[in-house]
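coords-v9.tsv, holding TSV, C-alpha atoms:
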chain	number	residue	atom	x	y	z
P	1	MET	CA	0.00	0.00	0.00
P	2	THR	CA	1.18	3.53	-0.75
P	3	GLN	CA	1.98	5.96	2.06
P	4	PRO	CA	-1.15	7.42	3.64
P	5	ALA	CA	-1.75	11.11	2.90
P	6	ILE	CA	-2.58	11.81	6.52
P	7	ARG	CA	-1.36	10.01	9.60
P	8	LEU	CA	-2.72	10.78	13.06
P	9	SER	CA	-1.28	9.05	16.05
P	10	GLU	CA	-2.79	9.26	19.52
P	11	VAL	CA	-4.21	12.69	18.83
P	12	SER	CA	-6.15	14.29	21.71
P	13	ARG	CA	-7.83	17.67	21.96
P	14	HIS	CA	-9.63	19.09	25.00
P	15	PHE	CA	-11.79	22.18	25.23
P	16	GLY	CA	-11.98	22.90	28.93
P	17	ARG	CA	-13.31	19.67	30.42
P	18	VAL	CA	-14.71	18.41	27.15
P	19	ARG	CA	-12.65	15.75	25.43
P	20	ALA	CA	-13.30	16.56	21.78
P	21	LEU	CA	-10.75	13.99	20.60
P	22	ASP	CA	-9.48	11.14	22.72
P	23	SER	CA	-6.30	9.48	21.49
P	24	VAL	CA	-7.30	9.08	17.86
P	25	THR	CA	-4.96	7.03	15.70
P	26	VAL	CA	-5.92	6.78	12.06
P	27	ASP	CA	-4.49	6.87	8.54
P	28	ILE	CA	-6.30	8.60	5.69
P	29	PRO	CA	-5.40	7.00	2.34
P	30	HIS	CA	-3.70	8.93	-0.43
P	31	ASN	CA	-5.84	10.10	-3.37
P	32	ALA	CA	-9.04	8.52	-2.08
P	33	ILE	CA	-12.35	10.08	-1.07
P	34	THR	CA	-12.80	9.39	2.64
P	35	GLY	CA	-16.09	9.91	4.45
P	36	LEU	CA	-15.85	11.10	8.04
P	37	LEU	CA	-19.02	9.93	9.74
P	38	GLY	CA	-20.46	10.24	13.21
P	39	ARG	CA	-23.18	11.93	15.19
P	40	ASN	CA	-23.19	15.59	16.17
P	41	GLY	CA	-20.50	16.27	18.72
P	42	ALA	CA	-18.55	13.15	17.74
P	43	GLY	CA	-15.41	15.19	17.04
P	44	LYS	CA	-15.55	15.40	13.23
P	45	THR	CA	-14.98	19.14	12.90
P	46	THR	CA	-12.19	19.15	15.49
P	47	LEU	CA	-10.48	16.31	13.63
P	48	MET	CA	-10.73	18.16	10.32
P	49	SER	CA	-9.50	21.44	11.84
P	50	ILE	CA	-6.43	19.69	13.19
P	51	ILE	CA	-5.71	17.99	9.85
P	52	ALA	CA	-6.09	21.37	8.10
P	53	GLY	CA	-3.72	23.02	10.57
P	54	HIS	CA	-6.40	25.44	11.76
P	55	ASP	CA	-6.22	23.95	15.23
P	56	ARG	CA	-3.53	22.17	17.19
P	57	ALA	CA	-3.72	18.88	19.05
P	58	ASP	CA	-2.96	18.91	22.80
P	59	SER	CA	-0.97	15.74	22.36
P	60	GLY	CA	-0.17	13.18	19.70
P	61	SER	CA	1.34	13.53	16.28
P	62	VAL	CA	-0.22	14.86	13.08
P	63	ARG	CA	1.38	14.34	9.68
P	64	VAL	CA	-0.20	15.67	6.50
P	65	LEU	CA	1.80	14.87	3.35
P	66	GLY	CA	4.65	14.08	5.68
P	67	ALA	CA	4.71	17.32	7.71
P	68	ASP	CA	2.97	18.88	10.72
P	69	PRO	CA	0.32	21.16	9.19
P	70	PHE	CA	-0.02	23.56	12.11
P	71	GLU	CA	0.84	27.05	10.84
P	72	ARG	CA	3.23	25.80	8.22
P	73	ALA	CA	2.81	27.80	5.02
P	74	PRO	CA	4.09	25.25	2.48
P	75	ILE	CA	1.69	22.64	3.77
P	76	MET	CA	-1.17	25.09	4.22
P	77	SER	CA	-1.23	25.91	0.50
P	78	SER	CA	-1.66	22.18	-0.20
P	79	ILE	CA	-4.73	22.01	1.99
P	80	SER	CA	-8.16	23.42	1.25
P	81	PHE	CA	-10.59	23.28	4.16
P	82	VAL	CA	-14.19	24.35	3.68
P	83	ARG	CA	-15.87	24.64	7.06
P	84	ASP	CA	-19.60	24.29	7.50
P	85	ASN	CA	-19.81	27.83	8.90
P	86	GLN	CA	-17.05	29.27	6.73
P	87	ARG	CA	-16.83	33.07	6.96
P	88	TYR	CA	-15.74	35.20	4.02
P	89	PRO	CA	-15.08	38.95	4.03
P	90	GLU	CA	-18.61	40.34	4.21
P	91	ASP	CA	-18.42	43.05	1.57
P	92	PHE	CA	-16.69	40.79	-0.97
P	93	THR	CA	-18.59	39.72	-4.07
P	94	LEU	CA	-18.03	36.46	-5.93
P	95	ARG	CA	-15.76	38.34	-8.36
P	96	HIS	CA	-13.49	39.50	-5.52
P	97	LEU	CA	-13.26	36.03	-4.04
P	98	LEU	CA	-12.43	34.41	-7.37
P	99	GLU	CA	-9.64	36.98	-7.82
P	100	VAL	CA	-8.15	36.35	-4.39
P	101	ALA	CA	-8.45	32.56	-4.20
P	102	PRO	CA	-5.68	31.73	-6.75
P	103	LEU	CA	-3.17	33.53	-4.51
P	104	PHE	CA	-3.66	30.84	-1.89
P	105	HIS	CA	-3.72	27.77	-4.09
P	106	ALA	CA	-1.09	27.05	-6.72
P	107	GLY	CA	-3.33	24.57	-8.49
P	108	TRP	CA	-6.34	26.91	-8.79
P	109	ASP	CA	-8.41	26.18	-11.90
P	110	ALA	CA	-10.38	29.21	-13.07
P	111	ASP	CA	-12.33	27.23	-15.70
P	112	VAL	CA	-13.60	24.79	-13.09
P	113	ALA	CA	-14.58	27.71	-10.85
P	114	GLU	CA	-16.56	29.32	-13.70
P	115	LYS	CA	-18.33	26.05	-14.53
P	116	LEU	CA	-19.31	25.52	-10.89
P	117	VAL	CA	-20.49	29.11	-10.46
P	118	ALA	CA	-22.74	28.68	-13.51
P	119	GLY	CA	-23.99	25.27	-12.32
P	120	PHE	CA	-24.90	26.59	-8.88
P	121	ARG	CA	-26.30	29.79	-10.45
P	122	LEU	CA	-24.32	31.88	-7.97
P	123	PRO	CA	-25.01	35.64	-8.26
P	124	ARG	CA	-21.87	37.55	-9.20
P	125	LYS	CA	-22.68	40.95	-7.75
P	126	THR	CA	-24.26	39.99	-4.45
P	127	THR	CA	-22.01	40.59	-1.47
P	128	VAL	CA	-21.23	37.60	0.72
P	129	LYS	CA	-23.19	39.05	3.61
P	130	LYS	CA	-26.39	39.00	1.54
P	131	MET	CA	-25.99	35.43	0.34
P	132	SER	CA	-28.38	32.74	1.53
P	133	ARG	CA	-27.21	29.67	3.44
P	134	GLY	CA	-27.35	27.59	0.26
P	135	GLN	CA	-25.41	30.19	-1.73
P	136	THR	CA	-22.71	30.34	0.95
P	137	SER	CA	-22.46	26.52	0.83
P	138	SER	CA	-22.21	26.62	-2.98
P	139	LEU	CA	-19.49	29.24	-2.70
P	140	GLY	CA	-17.53	26.96	-0.34
P	141	ILE	CA	-17.85	24.08	-2.79
P	142	VAL	CA	-16.62	26.26	-5.68
P	143	LEU	CA	-13.59	27.41	-3.68
P	144	GLY	CA	-12.89	23.90	-2.37
P	145	LEU	CA	-13.05	22.09	-5.71
P	146	ALA	CA	-11.41	24.78	-7.89
P	147	SER	CA	-8.47	24.99	-5.47
P	148	ARG	CA	-7.39	21.51	-6.70
P	149	ALA	CA	-5.53	21.26	-3.39
P	150	PRO	CA	-3.76	17.89	-2.86
P	151	VAL	CA	-5.74	17.61	0.40
P	152	THR	CA	-9.28	18.97	0.19
P	153	ILE	CA	-11.58	18.86	3.21
P	154	PHE	CA	-15.33	19.54	3.20
P	155	ASP	CA	-17.21	19.83	6.49
P	156	GLU	CA	-20.88	19.13	5.72
P	157	PRO	CA	-20.68	21.04	2.45
P	158	TYR	CA	-24.35	20.65	1.52
P	159	LEU	CA	-26.12	22.72	4.21
P	160	GLY	CA	-28.98	24.72	2.69
P	161	LEU	CA	-28.58	23.11	-0.74
P	162	ASP	CA	-31.71	21.71	-2.38
P	163	ALA	CA	-31.72	18.22	-3.90
P	164	THR	CA	-30.88	19.50	-7.39
P	165	ALA	CA	-27.90	21.52	-6.17
P	166	ARG	CA	-26.65	18.58	-4.09
P	167	ARG	CA	-26.81	16.31	-7.12
P	168	PHE	CA	-24.86	18.90	-9.09
P	169	PHE	CA	-22.26	18.91	-6.31
P	170	TYR	CA	-21.92	15.10	-6.36
P	171	ASP	CA	-21.56	15.14	-10.17
P	172	ALA	CA	-18.96	17.91	-10.02
P	173	LEU	CA	-17.04	16.24	-7.18
P	174	MET	CA	-16.93	12.87	-8.95
P	175	GLN	CA	-15.96	14.33	-12.33
P	176	ASP	CA	-13.24	16.56	-10.92
P	177	TYR	CA	-11.88	13.76	-8.73
P	178	ILE	CA	-11.70	11.47	-11.77
P	179	ASP	CA	-9.89	14.13	-13.78
P	180	HIS	CA	-7.56	15.06	-10.91
P	181	PRO	CA	-7.40	12.37	-8.23
P	182	ARG	CA	-6.50	13.83	-4.85
P	183	THR	CA	-7.05	13.23	-1.17
P	184	ILE	CA	-10.56	14.34	-0.23
P	185	ILE	CA	-12.18	14.15	3.19
P	186	VAL	CA	-15.87	14.91	3.55
P	187	SER	CA	-17.95	14.83	6.71
P	188	THR	CA	-21.62	14.17	6.21
P	189	HIS	CA	-24.90	13.26	7.84
P	190	LEU	CA	-26.44	12.50	4.44
P	191	ILE	CA	-24.90	9.06	4.55
P	192	ASP	CA	-27.32	7.23	2.25
P	193	GLU	CA	-26.96	9.96	-0.33
P	194	MET	CA	-23.18	10.25	-0.32
P	195	GLU	CA	-22.21	6.65	0.40
P	196	PRO	CA	-21.58	5.69	-3.26
P	197	LEU	CA	-19.04	8.51	-3.58
P	198	LEU	CA	-16.84	7.16	-0.79
P	199	GLU	CA	-13.91	4.81	-1.10
P	200	HIS	CA	-12.91	4.84	2.54
P	201	VAL	CA	-14.89	5.44	5.72
P	202	VAL	CA	-13.87	6.66	9.17
P	203	ILE	CA	-16.49	6.56	11.94
P	204	VAL	CA	-15.94	8.56	15.11
P	205	ASP	CA	-18.05	8.79	18.23
P	206	GLY	CA	-17.51	10.60	21.52
P	207	GLY	CA	-14.10	11.79	20.35
P	208	ARG	CA	-12.89	8.28	19.63
P	209	LEU	CA	-12.28	6.29	16.48
P	210	VAL	CA	-14.84	3.48	16.37
P	211	ARG	CA	-14.35	2.06	12.89
P	212	GLU	CA	-12.15	2.62	9.88
P	213	ALA	CA	-12.34	0.56	6.70
P	214	ALA	CA	-12.79	0.51	2.95
P	215	ALA	CA	-16.40	1.46	2.21
P	216	ASP	CA	-17.08	-1.82	0.38
P	217	GLU	CA	-15.75	-3.85	3.27
P	218	LEU	CA	-17.87	-1.95	5.79
P	219	ARG	CA	-21.04	-2.34	3.72
P	220	GLY	CA	-20.65	-6.11	3.67
P	221	SER	CA	-19.76	-6.43	7.33
P	222	ALA	CA	-23.14	-6.25	9.04
P	223	ILE	CA	-26.76	-7.28	8.58
P	224	THR	CA	-30.07	-6.44	10.17
P	225	LEU	CA	-32.20	-9.32	11.47
P	226	SER	CA	-35.81	-8.75	12.39
P	227	GLY	CA	-38.71	-10.92	13.52
P	228	LEU	CA	-39.91	-12.66	16.67
P	229	THR	CA	-37.49	-12.02	19.53
P	230	ASP	CA	-36.77	-15.71	20.20
P	231	ALA	CA	-35.95	-16.43	16.56
P	232	VAL	CA	-33.82	-13.29	16.22
P	233	ASP	CA	-31.88	-14.02	19.41
P	234	ASP	CA	-31.26	-17.57	18.27
P	235	LEU	CA	-29.92	-16.40	14.90
P	236	ALA	CA	-27.75	-13.68	16.46
P	237	THR	CA	-26.03	-16.11	18.82
P	238	GLY	CA	-22.28	-16.11	18.25
P	239	HIS	CA	-22.29	-12.76	16.46
P	240	ARG	CA	-21.36	-9.38	17.86
P	241	VAL	CA	-24.60	-7.43	18.33
P	242	LEU	CA	-24.16	-3.77	17.43
P	243	GLN	CA	-27.69	-2.60	18.07
P	244	ARG	CA	-30.91	-4.07	19.39
P	245	ARG	CA	-34.46	-2.77	19.27
P	246	THR	CA	-37.24	-4.67	20.98
P	247	VAL	CA	-40.91	-3.77	20.89
P	248	GLY	CA	-43.22	-6.29	22.53
P	249	GLY	CA	-42.32	-9.72	21.15
P	250	LEU	CA	-40.54	-8.30	18.11
P	251	SER	CA	-36.86	-7.55	17.81
P	252	SER	CA	-34.52	-6.05	15.30
P	253	VAL	CA	-30.77	-6.40	15.71
P	254	VAL	CA	-27.78	-5.23	13.74
P	255	ILE	CA	-25.05	-7.86	13.94
P	256	GLU	CA	-21.56	-8.12	12.54
P	257	ALA	CA	-21.63	-10.91	10.00
P	258	THR	CA	-19.78	-11.57	6.80
P	259	ASP	CA	-21.56	-14.84	6.02
P	260	ALA	CA	-24.90	-13.24	5.16
P	261	ASP	CA	-25.89	-16.11	2.83
P	262	THR	CA	-25.84	-18.87	5.45
P	263	ILE	CA	-27.72	-16.71	7.96
P	264	THR	CA	-30.28	-15.79	5.32
P	265	GLU	CA	-31.04	-19.45	4.74
P	266	ARG	CA	-31.43	-20.15	8.45
P	267	ALA	CA	-33.48	-16.98	8.92
P	268	THR	CA	-35.90	-17.87	6.13
P	269	ARG	CA	-36.57	-21.19	7.83
P	270	ALA	CA	-37.04	-19.45	11.21
P	271	GLY	CA	-39.40	-16.85	9.72
P	272	ALA	CA	-37.08	-13.90	10.36
P	273	GLN	CA	-36.09	-11.23	7.88
P	274	VAL	CA	-32.55	-10.40	6.85
P	275	SER	CA	-31.43	-7.22	5.17
P	276	PRO	CA	-27.97	-5.81	4.62
P	277	ALA	CA	-27.13	-3.08	7.14
P	278	THR	CA	-26.55	0.26	5.46
P	279	LEU	CA	-23.68	2.55	6.33
P	280	GLN	CA	-26.29	4.70	8.09
P	281	ASP	CA	-27.33	1.69	10.22
P	282	LEU	CA	-23.70	1.09	11.14
P	283	VAL	CA	-23.03	4.69	12.14
P	284	ALA	CA	-26.16	4.72	14.29
P	285	ALA	CA	-25.29	1.32	15.78
P	286	TYR	CA	-21.69	2.20	16.63
P	287	GLY	CA	-22.85	5.48	18.18
P	288	VAL	CA	-25.30	3.72	20.49
P	289	GLU	CA	-22.80	1.01	21.31
P	290	ALA	CA	-20.12	3.47	22.37
P	291	GLU	CA	-22.57	5.04	24.81
P	292	SER	CA	-23.75	1.81	26.39
P	293	LEU	CA	-20.27	0.35	26.68
P	294	GLU	CA	-18.67	3.56	27.91
P	295	GLY	CA	-15.16	2.91	29.11
P	296	THR	CA	-15.16	-0.82	28.47
P	297	HIS	CA	-14.46	-0.81	24.77
P	298	ALA	CA	-12.01	1.02	22.54
K	1	MET	CA	-31.23	1.26	-10.41
K	2	LEU	CA	-28.39	0.67	-7.96
K	3	ASP	CA	-30.22	0.62	-4.66
K	4	ASP	CA	-31.47	-2.88	-3.98
K	5	GLY	CA	-29.37	-3.39	-0.85
K	6	LYS	CA	-26.57	-5.38	-2.49
K	7	PRO	CA	-23.01	-4.06	-2.30
K	8	ILE	CA	-22.55	-1.39	-4.96
K	9	PHE	CA	-19.65	-3.13	-6.71
K	10	GLN	CA	-21.87	-6.21	-7.18
K	11	GLN	CA	-24.63	-4.08	-8.63
K	12	ILE	CA	-22.17	-2.60	-11.13
K	13	ALA	CA	-21.00	-6.10	-12.11
K	14	GLU	CA	-24.59	-7.26	-12.51
K	15	SER	CA	-25.63	-4.28	-14.62
K	16	ILE	CA	-22.74	-4.94	-17.04
K	17	ALA	CA	-23.60	-8.66	-17.04
K	18	ASP	CA	-27.22	-7.72	-17.84
K	19	GLY	CA	-25.97	-5.72	-20.81
K	20	ILE	CA	-23.95	-8.68	-22.06
K	21	LEU	CA	-26.91	-11.03	-21.66
K	22	THR	CA	-29.31	-8.77	-23.56
K	23	GLY	CA	-26.80	-7.97	-26.29
K	24	THR	CA	-26.12	-4.34	-25.39
K	25	TYR	CA	-22.45	-5.26	-25.12
K	26	PRO	CA	-21.71	-7.90	-27.78
K	27	GLU	CA	-18.66	-10.15	-27.39
K	28	GLY	CA	-15.44	-8.48	-28.51
K	29	THR	CA	-16.74	-4.94	-27.96
K	30	GLN	CA	-15.58	-2.47	-25.36
K	31	VAL	CA	-17.62	-1.74	-22.23
K	32	PRO	CA	-17.73	1.79	-20.72
K	33	SER	CA	-14.58	2.73	-18.83
K	34	THR	CA	-14.27	2.84	-15.05
K	35	ASN	CA	-14.30	6.62	-15.16
K	36	GLU	CA	-17.33	6.80	-17.45
K	37	LEU	CA	-19.28	4.45	-15.19
K	38	ALA	CA	-18.13	6.32	-12.06
K	39	ALA	CA	-19.14	9.72	-13.40
K	40	PHE	CA	-22.43	8.41	-14.82
K	41	HIS	CA	-23.60	6.61	-11.68
K	42	ARG	CA	-21.87	9.02	-9.23
K	43	ILE	CA	-19.99	6.09	-7.74
K	44	ASN	CA	-16.41	6.09	-6.53
K	45	PRO	CA	-14.08	4.82	-9.30
K	46	ALA	CA	-12.49	2.37	-6.84
K	47	THR	CA	-15.90	0.75	-6.31
K	48	VAL	CA	-16.56	0.60	-10.05
K	49	GLY	CA	-13.10	-0.90	-10.57
K	50	LYS	CA	-13.90	-3.61	-8.04
K	51	GLY	CA	-17.15	-4.39	-9.88
K	52	LEU	CA	-15.37	-4.73	-13.22
K	53	GLY	CA	-12.70	-6.81	-11.46
K	54	VAL	CA	-15.38	-9.30	-10.44
K	55	LEU	CA	-16.25	-9.80	-14.11
K	56	VAL	CA	-12.58	-10.14	-15.09
K	57	ASP	CA	-12.22	-12.88	-12.46
K	58	ARG	CA	-15.21	-14.68	-13.98
K	59	GLU	CA	-13.61	-14.35	-17.43
K	60	VAL	CA	-16.56	-12.33	-18.68
K	61	LEU	CA	-14.39	-9.26	-19.35
K	62	HIS	CA	-10.72	-8.92	-20.14
K	63	LYS	CA	-8.39	-5.97	-20.05
K	64	ARG	CA	-6.48	-4.75	-23.09
K	65	ARG	CA	-3.58	-2.71	-21.89
K	66	GLY	CA	-4.01	0.97	-22.66
K	67	LEU	CA	-7.37	0.44	-24.36
K	68	GLY	CA	-9.85	-0.62	-21.69
K	69	MET	CA	-12.18	-3.51	-20.88
K	70	PHE	CA	-13.64	-5.78	-23.54
K	71	VAL	CA	-16.29	-8.50	-23.51
K	72	SER	CA	-14.60	-11.89	-23.73
K	73	ASP	CA	-15.44	-14.63	-26.20
K	74	GLY	CA	-18.05	-16.95	-24.70
K	75	ALA	CA	-18.97	-14.33	-22.08
K	76	ARG	CA	-22.65	-14.36	-22.93
K	77	GLN	CA	-22.90	-18.11	-22.42
K	78	ARG	CA	-20.94	-17.87	-19.17
K	79	VAL	CA	-23.30	-15.19	-17.82
K	80	ARG	CA	-26.28	-17.25	-18.95
K	81	ASP	CA	-24.92	-20.36	-17.17
K	82	GLU	CA	-24.34	-18.40	-13.96
K	83	ARG	CA	-27.79	-16.87	-14.05
K	84	THR	CA	-29.39	-20.23	-14.80
K	85	ALA	CA	-27.63	-21.76	-11.81
K	86	ALA	CA	-28.94	-18.91	-9.64
K	87	PHE	CA	-32.45	-19.10	-11.12
K	88	ARG	CA	-33.65	-21.68	-8.59
K	89	ALA	CA	-32.45	-19.75	-5.53
K	90	VAL	CA	-33.37	-16.27	-6.77
K	91	PHE	CA	-36.76	-16.98	-8.35
K	92	VAL	CA	-38.12	-20.48	-7.73
K	93	VAL	CA	-37.49	-20.84	-3.98
K	94	PRO	CA	-39.11	-17.47	-3.06
K	95	LEU	CA	-41.95	-18.21	-5.51
K	96	LEU	CA	-42.77	-21.52	-3.83
K	97	SER	CA	-42.42	-20.06	-0.35
K	98	GLU	CA	-44.89	-17.27	-1.22
K	99	ALA	CA	-47.22	-19.82	-2.82
K	100	ARG	CA	-47.14	-21.89	0.38
K	101	SER	CA	-48.02	-18.82	2.47
K	102	LEU	CA	-50.95	-18.16	0.18
K	103	GLY	CA	-52.14	-21.76	0.39
K	104	LEU	CA	-51.53	-22.38	-3.32
K	105	ASP	CA	-50.52	-25.93	-4.19
K	106	LEU	CA	-48.12	-26.92	-6.95
K	107	GLU	CA	-50.96	-27.47	-9.36
K	108	ASP	CA	-52.16	-23.87	-8.82
K	109	VAL	CA	-48.65	-22.57	-9.38
K	110	HIS	CA	-48.32	-24.62	-12.59
K	111	ARG	CA	-51.60	-23.26	-13.83
K	112	ILE	CA	-50.55	-19.64	-13.21
K	113	ILE	CA	-47.21	-20.19	-14.96
K	114	ASP	CA	-48.89	-21.87	-17.95
K	115	HIS	CA	-51.33	-18.99	-18.20
K	116	GLU	CA	-48.59	-16.33	-18.08
K	117	GLY	CA	-46.43	-18.29	-20.51
K	118	SER	CA	-49.16	-18.52	-23.12
K	119	ALA	CA	-50.11	-14.86	-22.64
K	120	SER	CA	-46.64	-13.47	-23.26
Structure encoded using structure tokens:
Amino acid sequence: MTQPAIRLSEVSRHFGRVRALDSVTVDIPHNAITGLLGRNGAGKTTLMSIIAGHDRADSGSVRVLGADPFERAPIMSSISFVRDNQRYPEDFTLRHLLEVAPLFHAGWDADVAEKLVAGFRLPRKTTVKKMSRGQTSSLGIVLGLASRAPVTIFDEPYLGLDATARRFFYDALMQDYIDHPRTIIVSTHLIDEMEPLLEHVVIVDGGRLVREAAADELRGSAITLSGLTDAVDDLATGHRVLQRRTVGGLSSVVIEATDADTITERATRAGAQVSPATLQDLVAAYGVEAESLEGTHA
Amino acid sequence: MLDDGKPIFQQIAESIADGILTGTYPEGTQVPSTNELAAFHRINPATVGKGLGVLVDREVLHKRRGLGMFVSDGARQRVRDERTAAFRAVFVVPLLSEARSLGLDLEDVHRIIDHEGSAS
């Protein structure tokens, strides 16, 4: 395997008494699109800020393209970080921003920027302060993609975008990534919608890394069983249960299982239903699990 | 398409196999490239590549260096054989299980199939 683009080792970050990140060790693969998933408050934004060099870890080591990104100019120009509440100079118009942006990113592509501006129908003369939430998000996407930065980070880039604009974003992201493969990290709650775009997935919860794997591997790693509690419990025996829901005599469990076919056969005979767990199921399940097993499980 | 709960790379492989079976991609012709499929379906190229890889392993597709992926000789028959082998599990077993739930006996099922067969 090639060198990872980003290597975090035992990274912790506290804000007062809140442990935003708790000894996170993870590699982000080179030139892949990685999804950073987790519930609100899981530590996603803190993790991305530290990778981008906007924030500094209290302890642990951070290497982005081989160097510590914190306030290091050569590395900073290789990183484009679009925050979910990104602020731009208020009296700037789109024209101003598109003039300034190339100064910060050597790989800036003005043609891509123009295409994206047209696709999002961004107004050219409106000042940033008068832009809607969706327009500000679109602006962030334009700046993020057109920067062609070797490491590009999007923190929930879709806020305020309607379904059509989101689809345009996914198209643009995929096409530009194909034309110019680079390391992209995107945090999202729209897991079902963005899942096909991802090659790698990192799940965090409560400031800790709970799962990290190739997206295809993760998708095939769990199933949902549902039916009468006795039958479901019987089928789940021997598997790690990630989540359980019981209502009356009915249960639904998410279990780790790679041999879905054999379980499906047994389940059919027992009158229980089997469906593949989605990435969304897994994120929800790992989140709940981390809470109920607090302190007993890494 | 592409949301029936199966892993995405398998769905890609199946959609290409469908095309070979129905003649959209005749033997010896080129199938769309990884990047074309990725951009069209908005799916990560690595996932698409894995899907095409599945078909290379089954000798349905082969790679020509620098040119792309092509449909192999005998691919259509191979896909047909695989699908035929899966026909029982995918269609017949669920059909009979549903028939049982409905209280239909084999004779009823035969009659329905005969009727549909002569209608189409």
Straight-line distance linking CA of Ile223 in chain P with CA of Arg244 in chain P, stated in Å to one decimal
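Taking CA of Ile223 in chain P as the start and CA of Arg244 in chain P as the end point, the length is 12.0 Å.
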Residues of chain P within 6 Å of chain K, counting all atoms listed in the file, what are they? List them as a VMD selection string.
chain P and resid 174 to 175 196 to 198
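Distance-wise, CA of Gly107 in chain P and CA of Ala149 in chain P end up 6.5 Å apart.
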For the atom pair CA of Val54 in chain K and CA of Ala13 in chain K, what is the interatomic distance in Å to one decimal place?
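Rounded to one decimal, the two atoms are 6.7 Å apart.
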Check the smallest atom-to-atom distance from each of P:Leu21, P:Leu159, P:Val283, P:Val100 to Glu212 in chain P using all atoms listed in the file, then report the winner.
P:Val283
